[in-house]
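Student: Quick one: structure below, then a few questions.
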Amino acid sequence: MTRRALEAAAADFVSILNDVVASAIDTDVRFGVGLIADGQRARIEASRMGTWSDGIPLVRADEDPAVPALQLRAKYMVELAQSGEYLRVVTSAVGLWVDVTAGRKRHRPLVRVEYDRHPRATDRPAAHVHLHANSPEMAWVYGSSGRAAPDLHALHFPVGGQQFRPTLEDFLLFLNRERLYTDFKPGWKREVLRSLWQWETLQAAATVKKYPKTAVGVLLQLGYEISPPGERVTQ
């Protein structure tokens, strides 16, 4: 029963992701789902015609579609919550990968937004960004304190907690806003914003379940009448 429930919940999540991709990007690549060995978790990644794909090509108007320079990569590991009532993300990674050699070499990452519900290091932020770039200033900061500078992409820049963390929709909006990729399909932003609003609504509900007393306090301040479970509100 748990396996079937996981398959159904993961399929629903994949449908949401594919609606976002279909509305924004002109590609035949879609997300697919596969259960891992123990059947307790599922992987969700890009696929083409039933075969796993490296990512989703972001073809710009002035380039050869066969060798796109930009590639959107996104993958998720999901499981059912202990209550079994909803699907939750265990890990996720969304990033922009670039090939500057016109197909002669593999794409390399430029920026990655990652999430780990159970980070290996207790002081590591669950949601974080990796930047693949160079920073002389950062090298100076480390060097002036007698320490070797790590690669910039080794740093985990925090970008939120478990509930309100960046999503695929946020990343697409980021690409457009910063002019990294702008050749989206007509009307794409409306659909992406709609999907983002739905996700934020779900996360708001999850936050209420996590902090019910805080939610009750806010609603009381707004003038709502609320009674504990099992009691009726008297008028």
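If you're wondering about the labels, chains in the structure tokens are A, B, ... by order shown, residues count from 1 in each chain, ligands from 1 in order shown.
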Compile the contact shell of Thr91 of chain A as a VMD selection string: residues with an atom at most 7 Å away, counting only C-alpha atoms, same-chain residues fewer than 3 positions apart removed.
Tutor: chain A and resid 76 to 77 115 to 117
Student: Determine the nearest neighbour of Gly55 of chain A from the options A:Pro125, A:Pro68, A:Gly187, A:Pro150, counting only C-alpha atoms.
Tutor: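 Once distances to Gly55 of chain A are computed over only C-alpha atoms, the minimum belongs to A:Pro68.
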Student: For segment 78-134 of chain A against segment 4-28 of chain A, with a cut-off of 12 Å and counting only C-alpha atoms, what is the closest atom pair and its distance in Å to one decimal for every residue that makes the cut, ordered by chain and number, as a Markdown table?
Tutor:
| residue | atom | partner | partner_atom | distance |
| --- | --- | --- | --- | --- |
| A:Val78 | CA | A:Ala10 | CA | 7.4 |
| A:Glu79 | CA | A:Leu6 | CA | 6.8 |
| A:Leu80 | CA | A:Leu6 | CA | 6.1 |
| A:Ala81 | CA | A:Leu6 | CA | 9.8 |
| A:Gln82 | CA | A:Leu6 | CA | 11.7 |
| A:Ser83 | CA | A:Ala5 | CA | 11.9 |
| A:Gly84 | CA | A:Ala5 | CA | 8.1 |
| A:Glu85 | CA | A:Ala5 | CA | 9.2 |
| A:Tyr86 | CA | A:Ala9 | CA | 7.4 |
| A:Leu87 | CA | A:Ala9 | CA | 6.1 |
| A:Arg88 | CA | A:Ala10 | CA | 9.4 |
| A:Val89 | CA | A:Ala10 | CA | 10.0 |
Student: Can I get the selected residues back with C-alpha atoms, as a tab-separated table (two decimals), in the first residue's frame?
Tutor:
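That gives us result.tsv:
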chain	number	residue	atom	x	y	z
A	78	VAL	CA	11.06	12.15	-2.45
A	79	GLU	CA	9.31	10.03	0.14
A	80	LEU	CA	6.00	9.89	1.96
A	81	ALA	CA	5.84	11.65	5.32
A	82	GLN	CA	5.53	9.35	8.32
A	83	SER	CA	1.82	10.15	8.50
A	84	GLY	CA	1.51	9.01	4.88
A	85	GLU	CA	-0.74	11.94	4.03
A	86	TYR	CA	1.65	13.91	1.85
A	87	LEU	CA	4.82	13.68	-0.22
A	88	ARG	CA	7.96	15.42	0.96
A	89	VAL	CA	11.25	16.22	-0.72
Student: Any idea what's packed within 12 Å of segment 174-182 of chain A, counting only C-alpha atoms, ignoring anything in its chain fewer than 6 positions away? Could you give it as a PyMOL selection string?
Tutor: chain A and resi 24-25+57-62+68-72+94-98+110-111+113+166-168+188-189+192
Student: Using only C-alpha atoms for the distances, tell me which of A:Phe164, A:Phe31, A:Tyr211, A:Trp197 is nearest to Ala126 of chain A.
Tutor: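 Among A:Phe164, A:Phe31, A:Tyr211, A:Trp197, it is A:Phe164 that comes nearest to Ala126 of chain A.
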Student: Extract, using only C-alpha atoms, all DNA, RNA and protein residues at most 7 Å from segment 132-140 of chain A, discarding same-chain residues fewer than 3 positions from it, and format them as a PDB file with N, CA and C atoms, in the first residue's frame.
Tutor:
ATOM      1  N   PRO A 109      28.556  23.159 -14.419  1.00  0.00           N
ATOM      2  CA  PRO A 109      27.605  23.971 -13.648  1.00  0.00           C
ATOM      3  C   PRO A 109      28.053  25.417 -13.507  1.00  0.00           C
ATOM      4  N   LEU A 110      27.070  26.310 -13.505  1.00  0.00           N
ATOM      5  CA  LEU A 110      27.302  27.728 -13.224  1.00  0.00           C
ATOM      6  C   LEU A 110      26.740  28.088 -11.848  1.00  0.00           C
ATOM      7  N   VAL A 111      25.512  27.643 -11.579  1.00  0.00           N
ATOM      8  CA  VAL A 111      24.897  27.881 -10.275  1.00  0.00           C
ATOM      9  C   VAL A 111      23.979  26.715  -9.960  1.00  0.00           C
ATOM     10  N   GLY A 143      42.993  34.154   2.844  1.00  0.00           N
ATOM     11  CA  GLY A 143      44.445  34.243   2.912  1.00  0.00           C
ATOM     12  C   GLY A 143      44.937  35.189   3.973  1.00  0.00           C
ATOM     13  N   SER A 144      44.225  36.325   4.167  1.00  0.00           N
ATOM     14  CA  SER A 144      44.657  37.300   5.167  1.00  0.00           C
ATOM     15  C   SER A 144      44.484  36.794   6.587  1.00  0.00           C
ATOM     16  N   ALA A 149      41.995  29.272   0.815  1.00  0.00           N
ATOM     17  CA  ALA A 149      40.652  29.578   0.323  1.00  0.00           C
ATOM     18  C   ALA A 149      40.045  28.361  -0.361  1.00  0.00           C
ATOM     19  N   LEU A 152      34.899  28.546  -4.551  1.00  0.00           N
ATOM     20  CA  LEU A 152      33.672  29.271  -4.234  1.00  0.00           C
ATOM     21  C   LEU A 152      32.469  28.348  -4.226  1.00  0.00           C
ATOM     22  N   HIS A 153      32.455  27.370  -5.138  1.00  0.00           N
ATOM     23  CA  HIS A 153      31.290  26.483  -5.211  1.00  0.00           C
ATOM     24  C   HIS A 153      31.213  25.529  -4.019  1.00  0.00           C
TER      25      HIS A 153
END
Student: Once DSSP has gone over the backbone, tell me which residues of segment 7-216 of chain A are in strand (DSSP E), as a ChimeraX atom specification.
Tutor: /A:30-35,41-48,51-52,56-58,70-80,87-98,108-116,127-131,157-158
Student: Could you find all residues in chain A that DSSP calls alpha helix (DSSP H) from the backbone, and write them as a PyMOL selection string?
Tutor: chain A and resi 2-24+136-144+168-177+188-210+212-221
Student: Nearest to Ala206 of chain A: which of A:Gln163, A:Pro65, A:Asp170, A:Gly230 is it, counting only C-alpha atoms?
Tutor: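 Of A:Gln163, A:Pro65, A:Asp170, A:Gly230, the one nearest Ala206 of chain A is A:Gln163, counting only C-alpha atoms.
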Student: Which residues are close to Gly32 of chain A, i.e. within 9 Å by only C-alpha atoms, leaving aside same-chain residues fewer than 6 positions away? Reply as a tab-separated table (two decimals) with C-alpha atoms, in the first residue's frame.
Tutor:
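Full text of around_3.tsv as output:
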chain	number	residue	atom	x	y	z
A	11	ALA	CA	3.33	10.93	-10.18
A	14	VAL	CA	5.92	14.97	-11.63
A	18	ASN	CA	5.95	18.84	-16.25
A	43	ARG	CA	13.89	9.67	-7.78
A	44	ILE	CA	12.54	12.32	-10.09
A	45	GLU	CA	14.74	13.51	-12.95
A	46	ALA	CA	14.56	14.71	-16.53
A	47	SER	CA	13.91	12.06	-19.16
A	48	ARG	CA	13.29	11.81	-22.89
A	50	GLY	CA	11.53	6.97	-21.14
A	51	THR	CA	15.32	7.35	-20.94
A	52	TRP	CA	16.99	9.44	-18.26
